$ cat data-v6.cif   # mmCIF, C-alpha atoms and all ligand atoms
data_model
#
loop_
_atom_site.label_atom_id
_atom_site.label_comp_id
_atom_site.auth_asym_id
_atom_site.auth_seq_id
_atom_site.Cartn_x
_atom_site.Cartn_y
_atom_site.Cartn_z
CA MET A 1 -70.59 -43.50 -16.39
CA LYS A 2 -72.96 -44.54 -13.62
CA ILE A 3 -75.98 -46.83 -13.47
CA ALA A 4 -79.04 -44.61 -13.03
CA GLU A 5 -81.91 -47.04 -13.49
CA VAL A 6 -82.68 -50.72 -14.05
CA ARG A 7 -85.84 -51.59 -15.99
CA VAL A 8 -87.22 -55.11 -16.11
CA TYR A 9 -89.29 -56.46 -19.02
CA ARG A 10 -91.15 -59.72 -19.26
CA HIS A 11 -91.80 -61.70 -22.45
CA SER A 12 -93.37 -65.05 -23.21
CA ILE A 13 -91.53 -67.32 -25.63
CA THR A 14 -93.61 -69.84 -27.56
CA VAL A 15 -92.05 -73.13 -28.60
CA ALA A 16 -92.39 -73.36 -32.40
CA ASP A 17 -93.68 -76.90 -32.85
CA GLY A 18 -95.72 -77.06 -29.66
CA ARG A 19 -93.26 -78.66 -27.27
CA TYR A 20 -89.58 -79.09 -26.42
CA GLN A 21 -89.04 -82.48 -24.90
CA MET A 22 -86.37 -83.71 -22.53
CA SER A 23 -86.26 -86.95 -20.56
CA LEU A 24 -87.73 -85.55 -17.34
CA SER A 25 -89.77 -82.58 -18.59
CA GLU A 26 -91.20 -80.79 -21.59
CA VAL A 27 -92.03 -77.13 -22.14
CA ASP A 28 -94.38 -75.36 -24.54
CA ALA A 29 -93.76 -71.75 -23.41
CA LEU A 30 -90.98 -69.99 -21.56
CA ASP A 31 -90.99 -67.00 -19.26
CA CYS A 32 -88.27 -64.56 -20.30
CA THR A 33 -86.88 -61.63 -18.29
CA VAL A 34 -84.93 -58.82 -19.98
CA VAL A 35 -83.12 -56.09 -18.05
CA GLU A 36 -82.35 -52.65 -19.43
CA VAL A 37 -79.56 -50.96 -17.48
CA VAL A 38 -79.77 -47.19 -18.06
CA THR A 39 -76.76 -44.97 -17.33
CA ASP A 40 -76.42 -41.26 -16.59
CA THR A 41 -74.76 -40.85 -20.03
CA GLY A 42 -77.88 -42.01 -21.84
CA LEU A 43 -76.21 -45.29 -22.91
CA VAL A 44 -78.30 -48.38 -22.16
CA GLY A 45 -77.27 -52.04 -21.96
CA TYR A 46 -79.36 -55.22 -22.19
CA GLY A 47 -79.24 -58.62 -20.53
CA GLU A 48 -81.66 -61.51 -20.34
CA THR A 49 -82.43 -64.70 -18.44
CA THR A 50 -84.88 -67.40 -19.53
CA PRO A 51 -84.96 -70.61 -17.46
CA LEU A 52 -85.83 -73.77 -19.40
CA GLY A 53 -88.94 -74.39 -17.30
CA PRO A 54 -88.89 -74.94 -13.54
CA THR A 55 -87.23 -78.38 -13.45
CA TYR A 56 -84.33 -78.33 -15.96
CA GLN A 57 -82.03 -76.90 -13.30
CA GLU A 58 -82.29 -74.74 -10.18
CA GLN A 59 -83.74 -71.69 -11.91
CA HIS A 60 -87.15 -70.07 -11.56
CA ALA A 61 -88.47 -67.43 -13.95
CA ALA A 62 -90.42 -65.44 -11.37
CA GLY A 63 -87.50 -65.95 -8.99
CA ALA A 64 -85.24 -64.15 -11.47
CA ARG A 65 -87.40 -61.02 -11.24
CA ALA A 66 -87.58 -61.28 -7.43
CA ALA A 67 -83.79 -61.64 -7.30
CA ILE A 68 -83.33 -58.62 -9.56
CA ALA A 69 -85.65 -56.62 -7.27
CA THR A 70 -83.32 -57.45 -4.37
CA MET A 71 -80.08 -56.67 -6.25
CA ALA A 72 -80.87 -53.78 -8.60
CA PRO A 73 -81.07 -51.02 -5.93
CA ALA A 74 -77.51 -51.93 -4.82
CA LEU A 75 -76.19 -51.24 -8.33
CA ILE A 76 -77.48 -47.68 -8.69
CA GLY A 77 -74.53 -45.26 -8.87
CA LEU A 78 -71.95 -47.93 -9.84
CA ASP A 79 -69.85 -47.71 -13.01
CA PRO A 80 -71.09 -50.69 -15.11
CA ARG A 81 -67.60 -51.05 -16.63
CA ARG A 82 -66.35 -52.23 -13.23
CA THR A 83 -67.87 -55.68 -13.66
CA ASN A 84 -66.02 -57.24 -10.71
CA LEU A 85 -67.35 -54.54 -8.37
CA VAL A 86 -70.86 -54.92 -9.82
CA TYR A 87 -70.59 -58.66 -9.15
CA GLU A 88 -69.35 -58.09 -5.61
CA ARG A 89 -72.35 -55.84 -4.91
CA MET A 90 -74.75 -58.41 -6.37
CA ASP A 91 -73.21 -61.15 -4.19
CA HIS A 92 -73.41 -58.89 -1.17
CA ALA A 93 -77.12 -58.21 -1.82
CA LEU A 94 -78.10 -61.81 -2.58
CA ASN A 95 -76.51 -65.23 -2.13
CA GLY A 96 -76.70 -67.50 -5.20
CA HIS A 97 -79.28 -66.93 -7.98
CA ARG A 98 -76.61 -66.76 -10.65
CA TYR A 99 -79.19 -66.91 -13.45
CA ALA A 100 -80.57 -63.54 -12.30
CA LYS A 101 -77.07 -62.07 -11.90
CA SER A 102 -76.33 -63.22 -15.45
CA ALA A 103 -78.88 -60.77 -16.94
CA LEU A 104 -77.42 -57.79 -15.06
CA ASP A 105 -73.83 -58.82 -15.78
CA VAL A 106 -74.46 -59.21 -19.53
CA ALA A 107 -76.12 -55.77 -19.61
CA CYS A 108 -72.93 -54.31 -18.09
CA TRP A 109 -70.78 -55.96 -20.82
CA ASP A 110 -73.13 -54.53 -23.46
CA LEU A 111 -72.57 -51.10 -21.89
CA ILE A 112 -68.78 -51.53 -21.80
CA GLY A 113 -68.81 -52.29 -25.51
CA LYS A 114 -71.05 -49.35 -26.33
CA SER A 115 -68.99 -46.93 -24.22
CA TYR A 116 -65.67 -48.01 -25.82
CA GLY A 117 -67.08 -48.55 -29.31
CA GLU A 118 -66.06 -52.23 -29.30
CA ARG A 119 -67.82 -55.56 -29.77
CA VAL A 120 -68.23 -57.68 -26.63
CA CYS A 121 -66.19 -60.51 -28.22
CA ASP A 122 -63.23 -58.15 -28.63
CA LEU A 123 -63.44 -57.13 -24.98
CA LEU A 124 -63.47 -60.80 -23.99
CA GLY A 125 -60.13 -61.55 -25.64
CA GLY A 126 -60.90 -61.19 -29.33
CA ALA A 127 -62.94 -63.11 -31.87
CA GLU A 128 -61.21 -66.11 -33.44
CA ARG A 129 -63.98 -66.45 -36.03
CA SER A 130 -66.76 -64.36 -37.55
CA SER A 131 -69.30 -67.19 -37.48
CA VAL A 132 -69.47 -69.81 -34.72
CA PRO A 133 -70.20 -73.51 -35.26
CA SER A 134 -73.46 -74.63 -33.71
CA TYR A 135 -75.03 -77.98 -32.93
CA PHE A 136 -78.55 -79.34 -33.10
CA GLY A 137 -80.43 -81.28 -30.43
CA VAL A 138 -82.63 -83.91 -32.09
CA MET A 139 -85.76 -84.77 -30.09
CA PRO A 140 -86.53 -88.42 -29.29
CA GLY A 141 -88.78 -90.04 -31.91
CA THR A 142 -88.99 -93.38 -33.63
CA THR A 143 -85.63 -94.76 -34.72
CA ALA A 144 -86.25 -93.79 -38.35
CA GLU A 145 -87.47 -90.27 -37.44
CA THR A 146 -84.45 -89.64 -35.22
CA ALA A 147 -81.95 -90.84 -37.84
CA ASP A 148 -83.70 -88.79 -40.59
CA ALA A 149 -83.75 -85.64 -38.44
CA ALA A 150 -80.07 -86.03 -37.55
CA GLN A 151 -79.08 -86.56 -41.18
CA ARG A 152 -81.14 -83.56 -42.31
CA ARG A 153 -79.37 -81.30 -39.82
CA GLU A 154 -75.99 -82.65 -40.86
CA GLN A 155 -76.87 -81.83 -44.48
CA GLU A 156 -77.80 -78.29 -43.41
CA GLY A 157 -74.21 -77.92 -42.21
CA TYR A 158 -74.34 -78.64 -38.47
CA PRO A 159 -70.93 -80.07 -37.51
CA ARG A 160 -72.25 -81.65 -34.31
CA ILE A 161 -75.48 -83.54 -33.61
CA GLN A 162 -76.87 -84.13 -30.15
CA VAL A 163 -79.48 -86.85 -29.68
CA LYS A 164 -81.84 -86.40 -26.76
CA ALA A 165 -82.37 -89.64 -24.81
CA GLY A 166 -84.00 -90.96 -21.62
CA GLY A 167 -87.62 -91.03 -20.51
CA ARG A 168 -88.26 -94.28 -22.38
CA ALA A 169 -86.92 -97.84 -22.61
CA LEU A 170 -83.12 -97.88 -22.80
CA ALA A 171 -83.34 -100.31 -25.73
CA ASP A 172 -85.18 -97.62 -27.73
CA ASP A 173 -82.39 -95.11 -27.04
CA ILE A 174 -79.73 -97.64 -28.03
CA GLU A 175 -81.52 -98.49 -31.28
CA ALA A 176 -82.04 -94.80 -32.16
CA VAL A 177 -78.43 -93.84 -31.43
CA ARG A 178 -77.07 -96.76 -33.48
CA ALA A 179 -79.26 -95.69 -36.41
CA VAL A 180 -78.13 -92.06 -36.09
CA ALA A 181 -74.48 -93.09 -35.98
CA GLU A 182 -74.98 -95.11 -39.17
CA ALA A 183 -76.74 -92.20 -40.89
CA LEU A 184 -74.10 -89.59 -40.06
CA SER A 185 -70.69 -89.02 -41.59
CA PRO A 186 -67.85 -90.10 -39.26
CA THR A 187 -66.58 -86.50 -39.27
CA THR A 188 -69.79 -85.22 -37.63
CA LYS A 189 -69.50 -85.13 -33.85
CA LEU A 190 -72.18 -87.18 -32.08
CA LEU A 191 -73.43 -86.64 -28.53
CA VAL A 192 -76.14 -88.39 -26.55
CA ASP A 193 -77.85 -86.23 -23.93
CA PRO A 194 -80.30 -87.89 -21.52
CA ASN A 195 -80.62 -84.64 -19.51
CA ARG A 196 -80.32 -86.48 -16.15
CA GLY A 197 -82.84 -89.14 -17.23
CA TRP A 198 -80.65 -92.25 -16.92
CA THR A 199 -79.54 -94.14 -13.85
CA THR A 200 -75.88 -95.05 -13.41
CA ARG A 201 -76.79 -98.56 -14.52
CA ASP A 202 -78.55 -97.28 -17.68
CA THR A 203 -75.45 -95.29 -18.54
CA MET A 204 -73.13 -98.27 -18.10
CA GLU A 205 -75.44 -100.53 -20.14
CA PHE A 206 -75.73 -97.96 -22.91
CA SER A 207 -71.98 -97.49 -23.04
CA VAL A 208 -71.39 -101.23 -23.37
CA ALA A 209 -74.08 -101.56 -26.06
CA CYS A 210 -72.59 -98.66 -28.09
CA ARG A 211 -68.95 -99.38 -27.33
CA ASP A 212 -68.08 -99.50 -31.04
CA ILE A 213 -69.50 -96.00 -31.73
CA ALA A 214 -67.47 -92.82 -31.33
CA LEU A 215 -69.75 -90.60 -29.27
CA THR A 216 -69.85 -88.53 -26.11
CA ILE A 217 -72.43 -88.94 -23.33
CA GLU A 218 -73.63 -85.68 -21.77
CA GLN A 219 -75.10 -85.46 -18.26
CA PRO A 220 -76.78 -88.88 -18.20
CA CYS A 221 -77.49 -88.89 -14.45
CA ARG A 222 -78.95 -86.50 -11.92
CA THR A 223 -76.01 -85.61 -9.70
CA PHE A 224 -72.28 -84.95 -9.81
CA ASP A 225 -71.71 -87.88 -7.46
CA GLU A 226 -73.51 -90.36 -9.71
CA HIS A 227 -71.18 -89.41 -12.56
CA ARG A 228 -68.16 -89.70 -10.27
CA ARG A 229 -69.15 -93.29 -9.48
CA ILE A 230 -69.34 -94.39 -13.14
CA ALA A 231 -66.72 -92.22 -14.84
CA ASP A 232 -64.10 -94.99 -14.97
CA LYS A 233 -66.65 -97.71 -15.76
CA ILE A 234 -67.91 -96.45 -19.14
CA HIS A 235 -66.34 -96.58 -22.60
CA HIS A 236 -67.19 -93.05 -23.76
CA PRO A 237 -66.12 -89.53 -22.86
CA LEU A 238 -68.46 -87.89 -20.36
CA PHE A 239 -69.52 -84.25 -20.52
CA LEU A 240 -71.29 -82.58 -17.62
CA ASP A 241 -73.95 -79.93 -18.22
CA GLU A 242 -76.64 -79.40 -15.55
CA SER A 243 -74.26 -80.38 -12.70
CA THR A 244 -71.62 -77.74 -13.47
CA VAL A 245 -73.10 -75.04 -11.29
CA ASP A 246 -69.90 -73.21 -10.39
CA ILE A 247 -66.15 -73.01 -10.93
CA PRO A 248 -65.11 -75.29 -8.00
CA THR A 249 -67.36 -78.02 -9.44
CA ILE A 250 -65.70 -77.66 -12.84
CA VAL A 251 -62.25 -78.02 -11.25
CA ARG A 252 -63.37 -81.08 -9.27
CA ALA A 253 -64.91 -82.65 -12.39
CA VAL A 254 -61.68 -82.31 -14.39
CA THR A 255 -59.07 -83.02 -11.74
CA GLY A 256 -61.13 -85.92 -10.35
CA GLY A 257 -61.41 -87.51 -13.80
CA VAL A 258 -65.21 -87.24 -13.76
CA ALA A 259 -65.70 -85.16 -16.95
CA GLN A 260 -63.81 -84.82 -20.22
CA GLY A 261 -65.72 -81.68 -21.21
CA PHE A 262 -68.72 -79.51 -20.50
CA GLY A 263 -71.98 -78.28 -21.90
CA MET A 264 -71.69 -74.79 -20.45
CA LYS A 265 -74.57 -72.39 -19.86
CA LEU A 266 -74.13 -68.63 -19.52
CA SER A 267 -76.92 -68.15 -17.00
CA ARG A 268 -75.99 -71.18 -14.91
CA VAL A 269 -72.53 -69.85 -14.12
CA GLY A 270 -73.85 -66.28 -13.75
CA GLY A 271 -73.01 -64.25 -16.86
CA LEU A 272 -70.02 -63.30 -18.99
CA THR A 273 -67.78 -62.29 -16.05
CA PRO A 274 -67.68 -65.83 -14.53
CA LEU A 275 -67.97 -67.51 -17.96
CA ARG A 276 -64.74 -65.80 -19.01
CA VAL A 277 -63.02 -67.52 -16.06
CA VAL A 278 -64.66 -70.85 -16.95
CA ARG A 279 -63.45 -70.54 -20.57
CA ASP A 280 -59.87 -69.79 -19.54
CA LEU A 281 -59.89 -72.53 -16.91
CA CYS A 282 -61.11 -75.12 -19.41
CA VAL A 283 -58.38 -74.09 -21.87
CA GLU A 284 -55.72 -74.30 -19.14
CA LEU A 285 -57.00 -77.68 -17.97
CA GLY A 286 -57.24 -78.90 -21.57
CA VAL A 287 -60.95 -79.74 -21.70
CA PRO A 288 -63.48 -78.71 -24.36
CA LEU A 289 -66.73 -76.87 -23.73
CA THR A 290 -69.80 -75.52 -25.46
CA ILE A 291 -70.93 -71.94 -24.86
CA ASP A 292 -74.74 -72.01 -24.61
CA ASP A 293 -77.56 -70.74 -22.50
CA THR A 294 -80.88 -72.26 -21.51
CA TRP A 295 -83.30 -70.40 -23.83
CA GLY A 296 -83.94 -66.80 -24.74
CA GLY A 297 -84.11 -64.26 -27.51
CA ASP A 298 -81.47 -62.36 -29.44
CA ILE A 299 -79.83 -60.83 -26.33
CA THR A 300 -79.01 -64.23 -24.85
CA ALA A 301 -78.05 -65.59 -28.27
CA ALA A 302 -75.71 -62.64 -28.89
CA ALA A 303 -73.98 -63.01 -25.52
CA THR A 304 -73.24 -66.71 -26.14
CA VAL A 305 -72.12 -66.14 -29.74
CA HIS A 306 -69.75 -63.34 -28.65
CA MET A 307 -68.17 -65.57 -26.01
CA GLY A 308 -68.17 -68.59 -28.33
CA ALA A 309 -66.22 -66.61 -30.93
CA THR A 310 -63.35 -66.24 -28.45
CA VAL A 311 -62.82 -69.92 -27.55
CA PRO A 312 -59.75 -71.49 -29.23
CA ASP A 313 -60.64 -74.10 -31.90
CA ALA A 314 -59.16 -77.05 -30.00
CA PHE A 315 -61.47 -76.50 -27.02
CA TYR A 316 -64.63 -75.21 -28.68
CA GLU A 317 -67.58 -77.57 -29.09
CA GLY A 318 -69.90 -74.92 -30.52
CA THR A 319 -72.80 -72.76 -29.41
CA TRP A 320 -76.42 -73.85 -29.17
CA ILE A 321 -79.14 -71.21 -29.35
CA SER A 322 -82.89 -71.78 -29.07
CA GLU A 323 -83.76 -69.84 -32.25
CA PRO A 324 -84.68 -72.90 -34.38
CA TYR A 325 -87.07 -74.20 -31.72
CA GLN A 326 -89.09 -71.07 -30.93
CA LYS A 327 -91.08 -68.16 -32.31
CA PRO A 328 -89.19 -64.85 -31.97
CA ALA A 329 -89.02 -63.86 -28.30
CA TYR A 330 -89.28 -60.09 -28.85
CA SER A 331 -88.76 -57.59 -31.64
CA CYS A 332 -85.39 -55.93 -32.28
CA LEU A 333 -84.22 -53.24 -34.68
CA THR A 334 -81.08 -55.21 -35.55
CA SER A 335 -80.78 -58.30 -37.73
CA PRO A 336 -81.97 -61.39 -35.87
CA ILE A 337 -79.32 -63.86 -34.71
CA ARG A 338 -79.91 -66.90 -36.86
CA HIS A 339 -78.32 -70.15 -37.99
CA VAL A 340 -76.80 -70.12 -41.45
CA GLY A 341 -75.70 -73.58 -42.55
CA GLY A 342 -75.29 -74.91 -39.01
CA HIS A 343 -73.24 -71.88 -37.99
CA ILE A 344 -74.22 -68.56 -36.38
CA PRO A 345 -72.71 -65.32 -37.73
CA LEU A 346 -71.55 -62.82 -35.10
CA PRO A 347 -73.86 -59.80 -34.87
CA GLU A 348 -72.52 -56.54 -36.24
CA GLY A 349 -72.25 -53.39 -34.17
CA VAL A 350 -70.75 -52.47 -30.82
CA GLY A 351 -71.62 -54.08 -27.49
CA LEU A 352 -73.79 -57.16 -28.03
CA GLY A 353 -74.92 -55.78 -31.39
CA VAL A 354 -78.61 -56.21 -30.50
CA GLU A 355 -80.99 -53.25 -30.20
CA PRO A 356 -84.48 -53.98 -28.87
CA ASP A 357 -87.39 -52.29 -30.65
CA LEU A 358 -88.71 -50.95 -27.34
CA PRO A 359 -91.81 -49.11 -28.65
CA THR A 360 -93.20 -52.52 -29.67
CA TRP A 361 -92.58 -54.00 -26.20
CA ALA A 362 -94.99 -53.87 -23.27
CA ASP A 363 -94.05 -51.44 -20.47
CA PRO A 364 -91.45 -52.57 -17.91
CA VAL A 365 -92.87 -54.74 -15.12
CA ALA A 366 -90.51 -53.04 -12.66
CA THR A 367 -88.15 -50.07 -12.53
CA TYR A 368 -85.43 -49.48 -9.92
CA ARG A 369 -83.70 -46.13 -9.55
MG MG B 1 -77.13 -80.84 -22.21
#
$ encode --input "data-v6.cif" --output "structure tokens" --more "lines below"
Ligand SMILES: [Mg+2]
Amino acid sequence: MKIAEVRVYRHSITVADGRYQMSLSEVDALDCTVVEVVTDTGLVGYGETTPLGPTYQEQHAAGARAAIATMAPALIGLDPRRTNLVYERMDHALNGHRYAKSALDVACWDLIGKSYGERVCDLLGGAERSSVPSYFGVMPGTTAETADAAQRREQEGYPRIQVKAGGRALADDIEAVRAVAEALSPTTKLLVDPNRGWTTRDTMEFSVACRDIALTIEQPCRTFDEHRRIADKIHHPLFLDESTVDIPTIVRAVTGGVAQGFGMKLSRVGGLTPLRVVRDLCVELGVPLTIDDTWGGDITAAATVHMGATVPDAFYEGTWISEPYQKPAYSCLTSPIRHVGGHIPLPEGVGLGVEPDLPTWADPVATYR
């Protein structure tokens, strides 16, 4: 089986309630790139990359398509089942830009599954569950609104609640988090995620003020180094998300005592091939992780759910998908990937288990052959 053609599609994703707010930015629409990798056997595989706006992390939507234009010609003629060789060729064609490589890499895994008649999760080590636990990110609001929203999601069945923080007075965050903690059952995991919006001092003050609450703080500050400076000065476990750009950083974060876990994004590390290494590394090092991506449609959601299904219970913090926050990204022939009681059932079918309804899509914006 050889790659004969790469087609690139562009979609616009609309945020369902008008905006998705984080401490340093908010988005109301997202620019989504889907790749269709066509082989000489007639089998096709799909991958996707959708940056969460231009400032969440070092990803650029138009840059993804420019990066694919540089890399795709180098992949023509390769066997997509040889994912390490595909990756080597992508790295040889273009330094960095893992979020663009992620789309091509995921499409290759979809093709491997389709060619062997297996689900992607079974190729990645085997599914430990048929439905993966998810978690919900509650937007900042008044204290009462935040506590109500968190409790509602807990009642829907979400085993983990993340409260977005930052971008306002620290006292407001502290008050909201205390109210959420009071509203939730002690068995529900609680995270506070300022998305880089706190200073090191904010983080230390917050941790003192909420010392009596069992919670985890995720990526409060902008850089790896800021977290390194406060890791032994706070009272809560620290997860890194935006800063974990590659495998050496993950090793440094764990062995240096900076992070006790990770919010992990498929496109940030560059697709399922590197994410498989990240998963195994985290298990070996004994640290938990989520398996998420920035945003996207069913292709991205399927890739994260397949990988999430393979993470051992003791290390799995769940999978976040953007489905509850957005209107459908694009139409598919297969059942949409949706939350059911705070969990996400694995898609059925081989490969990713997602088949785009291509006749309803606009023509490709680029084709490489
Ligand atoms: Mg996060």
$ atom_distance --input "data-v6.cif" --atom1 "atom CA of Ala127 of chain A" --atom2 "atom CA of Ala309 of chain A"
4.9 Å
$ atom_distance --input "data-v6.cif" --atom1 "atom CA of Ile3 of chain A" --atom2 "atom CA of Gly353 of chain A"
20.1 Å
$ atom_distance --input "data-v6.cif" --atom1 "atom CA of Gly137 of chain A" --atom2 "atom CA of Arg211 of chain A"
21.7 Å
$ residues_around --input "data-v6.cif" --residues "segment 358-368 of chain A" --least-positions-apart "2" --cutoff "7 Å" --atoms "all atoms listed in the file" --output "ChimeraX atom specification"
/A:5-10,72-73,356
$ residues_near_ligand --input "data-v6.cif" --ligand "ligand MG 1 (chain B)" --cutoff "10 Å" --atoms "all atoms listed in the file" --output "JSON, numbers by chain"
{"A": [22, 56, 137, 162, 163, 164, 191, 192, 193, 194, 195, 196, 217, 218, 219, 220, 239, 240, 241, 242, 243, 262, 263, 264, 265, 290, 292, 294, 320]}
$ axis_aligned_box --input "data-v6.cif" --around "segment 2-11 of chain A" --padding-each-side "6 Å" --output "JSON"
{"center_x": -82.4, "center_y": -53.1, "center_z": -17.7, "size_x": 30.8, "size_y": 29.2, "size_z": 21.4}
$ residues_around --input "data-v6.cif" --residues "Asp357 of chain A" --least-positions-apart "3" --cutoff "12 Å" --atoms "all atoms listed in the file" --output "PDB file with C-alpha atoms, keeping the file's coordinate frame"
ATOM      1  CA  ASP A 298     -81.470 -62.360 -29.440  1.00  0.00           C
ATOM      2  CA  ALA A 329     -89.020 -63.860 -28.300  1.00  0.00           C
ATOM      3  CA  TYR A 330     -89.280 -60.090 -28.850  1.00  0.00           C
ATOM      4  CA  SER A 331     -88.760 -57.590 -31.640  1.00  0.00           C
ATOM      5  CA  CYS A 332     -85.390 -55.930 -32.280  1.00  0.00           C
ATOM      6  CA  LEU A 333     -84.220 -53.240 -34.680  1.00  0.00           C
ATOM      7  CA  THR A 334     -81.080 -55.210 -35.550  1.00  0.00           C
ATOM      8  CA  SER A 335     -80.780 -58.300 -37.730  1.00  0.00           C
ATOM      9  CA  PRO A 336     -81.970 -61.390 -35.870  1.00  0.00           C
ATOM     10  CA  VAL A 354     -78.610 -56.210 -30.500  1.00  0.00           C
ATOM     11  CA  THR A 360     -93.200 -52.520 -29.670  1.00  0.00           C
ATOM     12  CA  TRP A 361     -92.580 -54.000 -26.200  1.00  0.00           C
ATOM     13  CA  ALA A 362     -94.990 -53.870 -23.270  1.00  0.00           C
TER      14      ALA A 362
END
$ closest_residue --input "data-v6.cif" --among "A:Pro51, A:Pro159, A:Gly77, A:Gly96" --to "Val132 of chain A" --atoms "only C-alpha atoms"
A:Pro159
$ closest_residue --input "data-v6.cif" --among "A:Ala149, A:Ala183, A:Ala69, A:Ala301" --to "Phe136 of chain A" --atoms "all atoms listed in the file"
A:Ala149
$ closest_residue --input "data-v6.cif" --among "A:Pro140, A:Asp172, A:Arg98, A:Gly318" --to "Lys189 of chain A" --atoms "all atoms listed in the file"
A:Gly318
$ closest_residue --input "data-v6.cif" --among "A:Phe206, A:Tyr87, A:Tyr20, A:Tyr158" --to "Ser185 of chain A" --atoms "all atoms listed in the file"
A:Tyr158
$ residues_around --input "data-v6.cif" --residues "Val245 of chain A" --least-positions-apart "2" --cutoff "7 Å" --atoms "only C-alpha atoms" --output "PyMOL selection string"
chain A and resi 243+249+268-269
$ closest_residue --input "data-v6.cif" --among "A:Val86, A:Val138, A:Ala169, A:Val350" --to "Tyr325 of chain A" --atoms "only C-alpha atoms"
A:Val138
$ closest_residue --input "data-v6.cif" --among "A:Cys221, A:Thr55, A:Arg65, A:Ser23" --to "Asp173 of chain A" --atoms "only C-alpha atoms"
A:Ser23
$ residues_near_point --input "data-v6.cif" --point "(-64.5, -96.4, -25.4)" --cutoff "10 Å" --atoms "all atoms listed in the file" --output "list in words"
Ser207, Val208, Cys210, Arg211, Asp212, Ile213, Ala214, Leu215, Thr216, Lys233, Ile234, His235, His236 and Pro237 of chain A
$ residues_around --input "data-v6.cif" --residues "His339 of chain A" --least-positions-apart "4" --cutoff "10 Å" --atoms "all atoms listed in the file" --output "list in words"
Ser131, Val132, Pro133, Ser134, Tyr135, Glu156, Gly157, Tyr158, Trp320, Ile321, Glu323, Pro324, His343, Ile344 and Pro345 of chain A
$ residues_near_point --input "data-v6.cif" --point "(-68.2, -56.8, -22.6)" --cutoff "10 Å" --atoms "all atoms listed in the file" --output "ChimeraX atom specification"
/A:81,83,105-114,116,118-125,272-273,303,306-307,350-352
